[in-house]
Amino acid sequence: PVRPVMAADIRARKGGAPLVCLTAYTTPMARLVDQHCDITLVGDSLGMVVHGLPSTLGVTLEMMILHGQAVARGTSRAMLVIDMPFGSYEESPAQAFANARRLMAETGCAAVKLEGGRHMAETIRFLVDRGIPVMAHVGLTPQAVNALGGYKVQGRGADADRVMADAQAVEAAGAFSVVLEKVPDGLSRRITSALEIPTIGIGASAGCDGQVLVLDDMLGLFTDFRPKFVKRYAELGHAADEAIAAYAAEVRARRFPGPEHVFPDELKGEKP
Ligand code: KIV
Ligand code: NA
C-alpha cells in the first residue's frame, strides 16, 4: 500500500524537486490528480469554479466538508489539503481550531490552508501546536478581495517588505508550506530563498519550490476566464461544448439513439 504524503514530507522537499499541486472538487477529478500530484487542494475557489458564486466569500464550512469528502474518496497517495473558508477561522484561534477539527475529522484531510500573514500567525501557531498542519497563503488572498480592492498583484515596489514579512511570519508560526499568489517573480524568488519551508506559487515564479493551479482553469473548462498566470493544458470547455451541440443536433434529427443504443424486444443471443 502507498503511504500518503504527509506535511513532514512536503517540508522536507524544500529546495528539491518541485512540488506539484492542483485543486480538485470531485471524486473522479481527484483520482486523476492523485496519479500525478504531490498535493491535492480542495480550494475555496470551488465557490466560483463549481457553484457560480461571484467570489470565495460565500463559501461555507459545509461546502468545504462535502467537497472534501468527495475528493478524499478519490485520493490515496497525494496529500489532501482543504481550505478554511471565509469566516471560519478569523475570529479567534479557538474558532479556527474548532472548524479545522471538523474539516479533519469529517474528511480525513492531512492539513488545512488558511489565508493571511502576520495577523494570522497566532492562529497558525495555535493550530500547529495542537496537531493540525497548516499551509499558509500570502500575497493575493482572495478572501480579502474587498479590502485589497480587486485581484491585484501584491508586493510591487515598497509593498514588497509587507509580503516578505507575512511569509516570514507564517513560517515562524509553524506553517509547513506557504502559497504565494500573484507575487512578482523576483520577490517570489527572494521569499523562497529567505524561507526554510517550501513556497508554492500561483501567478508567482518558476523559482518557487512548487506550483499550484486551479484544475478547471488549466483544463480550459471555462471559455471566458483567462488570467495571465494560467497556462491552459487543454480546452475541455470547447470539447464539452462541441459534444453537447452534437448531442442536441442528433436528438433533434432523431439520429440519437441509434440501433446500438436501444434494447430489442426479443433477445437474439445478446446479453440482457
Ligand atoms: O482556492 C484555491 O483554489 C486556492 C489555490 C489557487 C491556491 O487557494
Ligand atoms: Na483558496
# chains A, B, ... in the order shown; residues from 1 in each chain; ligands from 1
$ residues_near_ligand --ligand "ligand 2" --cutoff "10 Å" --atoms "only C-alpha atoms and all ligand atoms" --output "list of chain:residue names"
A:Thr23, A:Leu41, A:Val42, A:Gly43, A:Asp44, A:Ser45, A:Leu46, A:Gly47, A:Thr56, A:Ile82, A:Asp83, A:Met84, A:Pro85, A:Phe86, A:Lys113, A:Leu114, A:Glu115, A:His137, A:Thr141, A:Pro142, A:Gln143, A:Val179, A:Glu181, A:Val214
$ residues_around --residues "Gly139 (chain A)" --least-positions-apart "5" --cutoff "6 Å" --atoms "only C-alpha atoms" --output "short mmCIF file (atom, residue, chain, number, x, y, z; two decimals) with N, CA and C atoms, in the first residue's frame"
data_model
loop_
_atom_site.label_atom_id
_atom_site.label_comp_id
_atom_site.auth_asym_id
_atom_site.auth_seq_id
_atom_site.Cartn_x
_atom_site.Cartn_y
_atom_site.Cartn_z
N GLN A 154 0.42 41.56 -5.71
CA GLN A 154 0.77 42.05 -4.38
C GLN A 154 2.29 42.06 -4.19
N VAL A 163 4.85 41.74 2.05
CA VAL A 163 4.63 40.35 1.65
C VAL A 163 5.74 39.46 2.21
N LEU A 180 2.21 31.39 -2.42
CA LEU A 180 2.42 32.79 -2.83
C LEU A 180 1.54 33.02 -4.05
N GLU A 181 0.53 33.87 -3.90
CA GLU A 181 -0.38 34.12 -5.02
C GLU A 181 -0.20 35.53 -5.56
N VAL A 183 2.38 37.21 -6.66
CA VAL A 183 3.54 37.90 -6.12
C VAL A 183 4.57 37.97 -7.25
#
$ closest_residue --among "A:Pro259, A:Gly149, A:Gly108, A:Pro198" --to "Ala136 (chain A)" --atoms "only C-alpha atoms"
A:Pro198
$ residues_around --residues "Val5 (chain A)" --least-positions-apart "5" --cutoff "10 Å" --atoms "only C-alpha atoms" --output "ChimeraX atom specification"
/A:10,38-39,76-80,110
$ residues_around --residues "region 65-68 of chain A" --least-positions-apart "6" --cutoff "7 Å" --atoms "only C-alpha atoms" --output "list of chain:residue names"
A:Tyr25, A:Thr26, A:Val42, A:Ile82, A:Leu103, A:Glu106, A:Thr107
$ closest_residue --among "A:Ala111, A:Lys152, A:Ala175, A:Gly74" --to "Pro227 (chain A)" --atoms "only C-alpha atoms"
A:Lys152
$ select_by_dssp --residues "region 23-87 of chain A" --states "strand (DSSP E)" --output "count of residues only"
10
$ residues_around --residues "Val33 (chain A)" --least-positions-apart "6" --cutoff "8 Å" --atoms "only C-alpha atoms" --output "PDB file with C-alpha atoms, in the first residue's frame"
ATOM      1  CA  LEU A  22      -3.630  21.052  -8.277  1.00  0.00           C
ATOM      2  CA  ALA A  24      -9.887  19.136  -7.148  1.00  0.00           C
ATOM      3  CA  THR A  40      -4.458  17.820  -3.866  1.00  0.00           C
TER       4      THR A  40
END
$ select_by_dssp --residues "region 163-259 of chain A" --states "alpha helix (DSSP H)" --output "PyMOL selection string"
chain A and resi 163-172+185-194+215-218+236-252
$ closest_residue --among "A:Met29, A:Ile191, A:Val212, A:Ala249" --to "ligand 1" --atoms "only C-alpha atoms and all ligand atoms"
A:Val212
$ closest_residue --among "A:Glu260, A:Asp185, A:Asp216, A:Glu250" --to "ligand 1" --atoms "only C-alpha atoms and all ligand atoms"
A:Asp216
